[in-house]
Structure formats: C-alpha cells, structure tokens
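Below is entry-v4.txt, which holds compact mmCIF, C-alpha atoms (C1' of nucleotides).
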```txt
# COMPACT_ATOMS: atom_id res chain seq x y z
CA MET A 6 58.59 132.95 108.09
CA ARG A 7 61.67 131.26 109.53
CA GLU A 8 63.94 129.41 107.18
CA GLU A 9 64.31 125.84 108.43
CA ARG A 10 67.56 124.08 107.72
CA PHE A 11 68.85 120.58 108.39
CA THR A 12 72.55 119.81 108.19
CA LEU A 13 73.90 116.28 108.24
CA ALA A 14 77.32 114.66 107.99
CA THR A 15 78.65 111.12 107.70
CA PHE A 16 82.05 109.79 108.77
CA ASN A 17 83.59 106.32 108.84
CA THR A 18 85.80 106.61 111.93
CA ASN A 19 87.66 103.27 111.70
CA GLY A 20 87.68 103.16 115.52
CA ILE A 21 85.73 105.94 117.24
CA ARG A 22 87.89 105.91 120.38
CA ALA A 23 90.95 106.70 118.27
CA ARG A 24 89.17 109.55 116.46
CA LEU A 25 87.66 111.58 119.31
CA HIS A 26 90.44 114.17 118.83
CA ILE A 27 89.05 114.70 115.32
CA ILE A 28 85.30 114.30 115.91
CA LEU A 29 84.80 116.51 118.98
CA PRO A 30 86.57 119.65 117.66
CA TRP A 31 84.86 119.14 114.31
CA LEU A 32 81.43 119.00 115.96
CA ALA A 33 82.25 122.21 117.84
CA GLU A 34 83.12 123.99 114.61
CA ASN A 35 80.38 122.58 112.38
CA ASN A 36 76.83 123.03 113.59
CA VAL A 37 75.37 119.82 112.25
CA ASP A 38 71.95 118.57 113.26
CA CYS A 39 73.12 115.00 112.81
CA LEU A 40 76.42 113.15 112.47
CA CYS A 41 76.21 109.54 111.27
CA ILE A 42 79.21 107.40 112.18
CA GLN A 43 80.36 104.01 110.93
CA GLU A 44 83.05 101.55 112.02
CA THR A 45 83.05 102.54 115.68
CA LYS A 46 84.81 99.22 116.42
CA VAL A 47 83.61 99.16 120.00
CA GLN A 48 81.11 97.09 121.97
CA ASP A 49 78.30 99.04 123.61
CA LYS A 50 79.62 98.77 127.18
CA ASP A 51 82.85 100.51 126.13
CA PHE A 52 81.32 103.21 123.88
CA PRO A 53 82.70 106.68 124.79
CA GLU A 54 79.32 108.26 125.51
CA GLU A 55 80.48 110.84 128.07
CA PRO A 56 82.60 113.05 125.76
CA PHE A 57 79.57 113.54 123.49
CA ARG A 58 77.20 114.17 126.42
CA GLU A 59 79.56 116.72 127.94
CA ALA A 60 79.75 118.52 124.60
CA GLY A 61 75.96 118.83 124.54
CA PHE A 62 75.09 115.97 122.20
CA ARG A 63 72.93 112.91 122.42
CA VAL A 64 74.28 109.70 120.95
CA ILE A 65 72.80 106.35 119.97
CA TYR A 66 74.94 103.39 118.98
CA LYS A 67 75.28 99.67 118.40
CA GLY A 68 78.59 97.92 118.06
CA GLN A 69 80.60 94.73 118.22
CA LYS A 70 83.97 93.93 119.74
CA ALA A 71 86.70 95.12 117.34
CA TYR A 72 84.52 95.22 114.20
CA ASN A 73 81.72 97.19 112.59
CA GLY A 74 79.56 99.44 114.77
CA VAL A 75 77.39 102.46 113.94
CA ALA A 76 76.33 105.57 115.87
CA VAL A 77 74.32 108.75 115.43
CA VAL A 78 75.22 111.99 117.22
CA SER A 79 72.79 114.92 117.44
CA PRO A 80 72.04 117.96 119.58
CA HIS A 81 68.35 117.11 119.10
CA GLU A 82 66.07 114.44 120.45
CA MET A 83 66.28 111.17 118.50
CA GLU A 84 63.11 109.12 118.22
CA ASN A 85 62.10 105.73 116.79
CA VAL A 86 65.60 104.29 117.30
CA GLN A 87 65.98 100.89 115.64
CA PHE A 88 68.78 98.54 114.68
CA GLY A 89 69.15 96.02 111.87
CA PHE A 90 66.59 94.93 109.32
CA ASP A 91 64.20 93.04 111.61
CA ASP A 92 63.41 90.82 108.60
CA GLY A 93 63.82 87.50 110.38
CA VAL A 94 67.36 86.80 109.17
CA ASP A 95 69.31 89.46 111.09
CA GLN A 96 72.80 88.46 112.22
CA PRO A 97 74.52 90.32 115.10
CA ASP A 98 76.61 92.33 112.64
CA ASP A 99 73.45 93.56 110.87
CA HIS A 100 72.57 95.42 114.08
CA ALA A 101 76.08 96.87 114.17
CA ARG A 102 75.75 98.02 110.54
CA LEU A 103 72.28 99.57 110.34
CA ILE A 104 70.89 102.15 112.75
CA ARG A 105 67.77 104.24 112.18
CA CYS A 106 66.07 107.11 113.96
CA THR A 107 63.96 110.21 113.43
CA ILE A 108 65.35 113.70 114.04
CA GLN A 109 63.10 116.75 113.70
CA GLY A 110 60.67 114.73 111.62
CA ILE A 111 63.38 113.55 109.22
CA GLY A 112 63.98 109.82 108.91
CA ILE A 113 67.66 108.91 109.23
CA ILE A 114 69.08 105.60 107.98
CA ASN A 115 72.78 105.15 108.73
CA THR A 116 74.50 102.14 107.16
CA TYR A 117 77.89 100.47 107.10
CA VAL A 118 77.44 98.21 104.08
CA PRO A 119 79.51 94.98 104.09
CA GLN A 120 82.69 95.51 102.09
CA GLY A 121 82.59 92.06 100.50
CA ARG A 122 86.26 91.02 100.81
CA ALA A 123 86.53 89.29 97.40
CA LEU A 124 84.22 88.52 94.49
CA ASP A 125 84.39 84.78 95.29
CA HIS A 126 84.01 85.21 99.05
CA PRO A 127 80.62 84.60 100.75
CA ASN A 128 80.74 88.17 102.08
CA PHE A 129 80.35 89.51 98.54
CA GLN A 130 77.01 87.75 98.08
CA LYS A 131 76.10 89.05 101.52
CA LYS A 132 76.85 92.56 100.27
CA LEU A 133 74.54 92.11 97.26
CA ASP A 134 71.83 90.64 99.51
CA TRP A 135 72.28 93.54 101.90
CA PHE A 136 71.24 96.09 99.26
CA ALA A 137 68.19 93.97 98.38
CA ARG A 138 67.23 93.75 102.06
CA LEU A 139 67.68 97.51 102.40
CA ARG A 140 65.31 98.17 99.54
CA GLU A 141 62.74 95.90 101.20
CA LEU A 142 63.22 97.86 104.41
CA PHE A 143 62.54 101.12 102.55
CA GLU A 144 59.38 99.66 101.06
CA LYS A 145 58.18 98.27 104.37
CA HIS A 146 58.85 101.20 106.69
CA TYR A 147 58.80 104.38 104.58
CA LYS A 148 56.99 106.28 101.85
CA LYS A 149 58.69 107.89 98.88
CA SER A 150 57.01 111.16 99.93
CA ASP A 151 58.78 111.06 103.34
CA ARG A 152 61.63 113.37 104.25
CA LEU A 153 64.28 110.66 104.41
CA ILE A 154 68.08 110.53 104.42
CA TRP A 155 70.05 107.32 103.83
CA CYS A 156 73.75 107.83 104.40
CA GLY A 157 76.94 106.09 105.39
CA ASP A 158 79.77 103.97 104.06
CA MET A 159 78.14 102.18 101.13
CA ASN A 160 81.39 100.53 99.96
CA VAL A 161 80.41 101.23 96.34
CA ALA A 162 81.83 103.74 93.88
CA PRO A 163 78.70 104.23 91.73
CA GLU A 164 80.36 105.34 88.48
CA PRO A 165 83.83 105.30 86.85
CA ILE A 166 84.24 108.96 87.81
CA ASP A 167 84.01 107.92 91.47
CA VAL A 168 87.31 106.01 91.65
CA TYR A 169 90.85 106.49 90.37
CA ALA A 170 91.94 104.16 87.53
CA PRO A 171 88.46 102.61 87.19
CA GLU A 172 89.63 100.37 84.33
CA LYS A 173 91.81 98.58 86.89
CA LYS A 174 89.04 98.26 89.48
CA LEU A 175 86.54 96.19 87.48
CA ASN A 176 87.07 93.16 89.73
CA HIS A 177 87.19 95.12 92.97
CA VAL A 178 84.31 94.41 95.38
CA CYS A 179 83.59 98.15 95.61
CA PHE A 180 83.39 98.70 91.84
CA HIS A 181 82.37 95.38 90.27
CA GLU A 182 79.31 95.80 88.03
CA THR A 183 77.19 93.52 90.23
CA ALA A 184 77.91 95.67 93.30
CA ARG A 185 77.19 98.87 91.38
CA LYS A 186 73.97 97.37 90.04
CA ALA A 187 72.85 96.22 93.50
CA PHE A 188 73.48 99.71 94.89
CA LYS A 189 71.70 101.33 91.95
CA GLU A 190 68.62 99.14 92.32
CA CYS A 191 68.52 99.84 96.04
CA ARG A 192 68.69 103.61 95.73
CA GLY A 193 66.25 103.37 92.82
CA TRP A 194 63.50 103.00 95.42
CA GLY A 195 63.48 106.78 95.64
CA PHE A 196 66.85 108.25 96.55
CA SER A 197 69.09 110.79 94.85
CA ASP A 198 72.84 111.11 95.41
CA CYS A 199 73.13 114.55 97.02
CA PHE A 200 76.77 115.02 96.06
CA ARG A 201 76.13 114.40 92.36
CA VAL A 202 73.00 116.56 92.36
CA LEU A 203 75.25 119.51 93.18
CA HIS A 204 78.49 118.40 91.54
CA PRO A 205 77.58 116.55 88.33
CA GLY A 206 80.56 115.32 86.34
CA GLU A 207 83.13 116.72 88.78
CA PRO A 208 86.15 114.36 88.85
CA ASP A 209 88.62 113.56 91.65
CA GLN A 210 86.04 113.97 94.41
CA TYR A 211 86.73 111.19 96.88
CA THR A 212 85.66 110.38 100.44
CA PHE A 213 88.17 107.59 101.10
CA TYR A 214 91.93 107.34 100.65
CA ASP A 215 93.75 104.12 101.55
CA TYR A 216 96.27 104.59 104.36
CA ARG A 217 98.75 102.40 102.55
CA ILE A 218 99.08 104.62 99.51
CA PRO A 219 101.63 107.39 100.17
CA LYS A 220 100.40 110.93 99.45
CA ALA A 221 97.07 109.51 98.27
CA VAL A 222 95.18 112.83 98.54
CA GLU A 223 97.84 114.82 96.68
CA ARG A 224 97.97 112.09 94.02
CA LYS A 225 94.15 111.91 93.87
CA LEU A 226 94.14 108.16 94.50
CA GLY A 227 90.79 107.74 96.24
CA TRP A 228 87.27 106.42 96.16
CA ARG A 229 83.86 108.09 96.55
CA ILE A 230 82.21 105.32 98.58
CA ASP A 231 80.56 107.33 101.37
CA HIS A 232 77.25 108.81 100.34
CA ILE A 233 74.31 110.94 101.43
CA MET A 234 71.12 109.95 99.66
CA ALA A 235 67.87 111.89 100.03
CA THR A 236 64.27 111.45 98.95
CA ARG A 237 62.70 113.86 96.45
CA LEU A 238 61.14 116.27 98.93
CA LEU A 239 64.46 116.80 100.75
CA CYS A 240 66.47 116.84 97.54
CA LYS A 241 64.42 119.77 96.30
CA GLY A 242 65.85 121.84 99.15
CA ILE A 243 69.46 120.77 99.00
CA GLN A 244 71.79 123.75 99.43
CA ASP A 245 75.22 122.21 99.68
CA CYS A 246 77.06 118.88 99.70
CA SER A 247 80.81 118.74 100.17
CA ILE A 248 83.72 116.58 101.23
CA ASP A 249 85.73 117.84 104.21
CA LEU A 250 89.30 116.51 104.15
CA GLU A 251 90.00 117.69 107.71
CA PRO A 252 90.37 114.11 109.09
CA ARG A 253 93.17 113.49 106.58
CA LYS A 254 95.19 116.47 107.78
CA ARG A 255 95.52 115.49 111.43
CA GLN A 256 98.56 114.00 113.11
CA LYS A 257 96.73 110.73 113.52
CA PRO A 258 94.82 110.88 110.21
CA SER A 259 91.77 108.92 109.20
CA ASP A 260 91.33 107.08 105.92
CA HIS A 261 87.82 108.47 105.44
CA THR A 262 86.59 112.09 105.35
CA PHE A 263 83.52 114.00 106.52
CA LEU A 264 80.79 114.19 103.88
CA MET A 265 78.28 116.97 104.63
CA ALA A 266 74.94 118.03 103.22
CA ASP A 267 72.74 121.02 103.97
CA PHE A 268 68.99 121.05 103.28
CA LEU A 269 66.23 123.61 103.38
CA ILE A 270 63.28 121.83 104.97
C1' DA B 82 102.56 91.48 91.17
C1' DT B 83 103.01 92.44 95.86
C1' DG B 84 102.84 95.29 99.66
C1' DG B 85 102.21 99.26 101.63
C1' DT B 86 99.05 101.43 107.26
C1' DA B 87 95.87 101.54 111.00
C1' DG B 88 92.62 99.95 114.86
C1' DT B 89 91.33 96.58 117.97
C1' DA B 90 92.98 93.97 121.44
C1' DA B 91 96.10 90.72 122.48
C1' DA B 92 97.47 87.08 117.59
C1' DA B 93 95.42 87.82 113.72
C1' DC B 94 91.84 89.90 111.20
C1' DT B 95 89.53 93.44 108.52
C1' DA B 96 89.70 97.20 105.47
```

Full structure transcribed into structure tokens:
Amino acid sequence: MREERFTLATFNTNGIRARLHIILPWLAENNVDCLCIQETKVQDKDFPEEPFREAGFRVIYKGQKAYNGVAVVSPHEMENVQFGFDDGVDQPDDHARLIRCTIQGIGIINTYVPQGRALDHPNFQKKLDWFARLRELFEKHYKKSDRLIWCGDMNVAPEPIDVYAPEKKLNHVCFHETARKAFKECRGWGFSDCFRVLHPGEPDQYTFYDYRIPKAVERKLGWRIDHIMATRLLCKGIQDCSIDLEPRKRQKPSDHTFLMADFLI
DNA sequence: ATGGTAGTAAAACTA
C-alpha cells in the first residue's frame, strides 16, 4: 500500500510581487502540495500568474489594489474555488481575505483575518465578527469528519507563550482576551493547532517579526500569529509542523515566515 | 513613550 502524504505551507507575503524572489526558489526546494498566501497586495488584473505557471503550478487568487489579497498555489488541480463568506454581508475585502478550494479531496480554507488596528477602532469589532462568521461558515459548508485545513494569518497569538513580553501586550489587538476568545471559539468548531500538537509548551516559536525591531529574530521578539489548523482525521496523521525562517534571511527580507505542516492521509 | 521598516502606488495608509 502506498503511503499518501499531504504537505501544506502558509506565508503572509506583504506584497507578492516583491517576494517572488523568495517564493519561487522556496517552492522549487520544498515539494508542497499547497501553499496558502496572504497579503498579496495586488488587484487580480496585475497578479503575477505567469511565474507560477512556468514553474509548473496552478494558482488561484483574489485581491484588492494595495491591500489584502489571498492566493493558493498548488501543483494539483484545485476544485470548488470560492471567495468570501457568501453570508449576505460580504464586503469586497472579505473576498480578498478568504479563499477556499479542494485539493486531492482535502478542503482548504485560507484566511487573512482583519488585524483590528486598535481596540476602540471599528475594525476590531469587525475582527471579532469575522471569527464568528468563520465558525458559521464551517458549520454551513463542512462536517467535523471532513479532512479540512484552515490556515493563514489569523492575527492572534493564542496563548502567552505565543508572543514576547505577553504582559505588555494585553491591550494589543492581536493578544487582547476578546480576540483570543473569539479565535478560540472559532477553532472550537473542530480544529486543532498543528504546531502545538507537535510542539507543546515550546517557547520562542514565532512566525512574525516586526520589520521595525532591529535584530528581532536574534532577540526573539516575535509573534506566533500564522497558524495551520486541521480537523481530527487529518490531525491524527500529522507528521511535522515547523517554522521556516528562510524569508527573514534574504536580502529583501519578509516580516513573516513559512509555516509548514506534513500529514499522512 | 515614541518610533523604528516595508509595500503599494503615487500621498498616505496599513501593518
């Protein structure tokens, strides 16, 4: 019997056109079945589709001018491609933040969750609402027994261990208890955090380091806000989940990293 | 306690 594997990665590019020099070599070296991308920052008519096609990948995407934007890259056929929540209250940016598809029978949900800006800004309530809408989407379109992966930039550090100096981040939109609670209730539908399944209690494991902090990686001043969540059936077969700092080491570095997971399916 | 950098796209705005 052949051992079936599925490997997935997620990466917030902060401008996909400025990160092709990182993404394309990385794809050539890492045989992923799926790469989920956030913050492409490009409208659809300007999306750099050709470089991916020429490298042997298919790509689906939805973006906005200058902001937001999500994409999925895969060597496989992608089916059931959908954007946004389709819950009657979608705004244009919802379509540029939520992209779904099916790859090899596995449901993929790639999200760029609103950051929130400030606790007293309308965008923070939007962030909380977003997690509630996501849970409704899970309930409406999927079963807990499905092979399902929800990944992306969630803009939430789930626990104190997931951010440096957590005692100073209590009023930060990515660590405030209401944001953590909203995220927790959303993933409570039926998802496990793949990284913590394999690395429980391991400190200083971050997926994001602010550009503006000098030597942030060396000083361990980061956040674990990018996540790969999987339903029970997939989680049972998880082999590996790790953070690849490669994008931080380049000449034009990125503020986020590649987060990868490997499943037996 | 403020600002530090980066991308987009053409002056701020977001993160």

Distance-based interface of chain B with chain A, 9 Å, counting only C-alpha atoms (C1' of nucleotides), as a VMD selection string: chain B and resid 84 to 90 95 to 96

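A straight line drawn from CA of Met83 (chain A) to CA of Pro119 (chain A) is 25.4 Å long.
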
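Distance-wise, CA of Phe200 (chain A) and CA of Gln244 (chain A) end up 10.6 Å apart.
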
Between CA of Lys189 (chain A) and CA of Gln130 (chain A) - distance in Å to one decimal: 15.8 Å

Shortest interatomic distance to Val168 (chain A) - which of A:Glu9, A:Glu141, A:Asp125, A:Asp231, counting only C-alpha atoms: A:Asp231

Nearby residues, (90.4, 109.9, 93.8) file frame, 9 Å, only C-alpha atoms (C1' of nucleotides), as a list of chain:residue names: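 Counting only C-alpha atoms (C1' of nucleotides), I find these residues within 9 Å of (90.4, 109.9, 93.8): A:Ile166, A:Asp167, A:Val168, A:Tyr169, A:Ala170, A:Pro208, A:Asp209, A:Gln210, A:Tyr211, A:Thr212, A:Phe213, A:Tyr214, A:Ala221, A:Val222, A:Arg224, A:Lys225, A:Leu226, A:Gly227, A:Trp228, A:Arg229.
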
Selected residue, from A:Tyr147, A:Trp135, A:Tyr117, A:Phe268, that lies nearest to Arg10 (chain A) when counting all atoms listed in the file: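 Result for the nearest residue to Arg10 (chain A): A:Phe268.
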
All residues 12 Å or closer to Cys240 (chain A), all atoms listed in the file, same chain fewer than 4 positions away omitted, as a VMD selection string: chain A and resid 11 149 to 155 195 to 203 233 to 236 244 to 246 266 to 270

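Comparing the minimum interatomic distances between Thr116 (chain A) and each of A:Gly157, A:Pro252, A:Pro163, A:Pro205, counting only C-alpha atoms, we find that A:Gly157 sits nearest.
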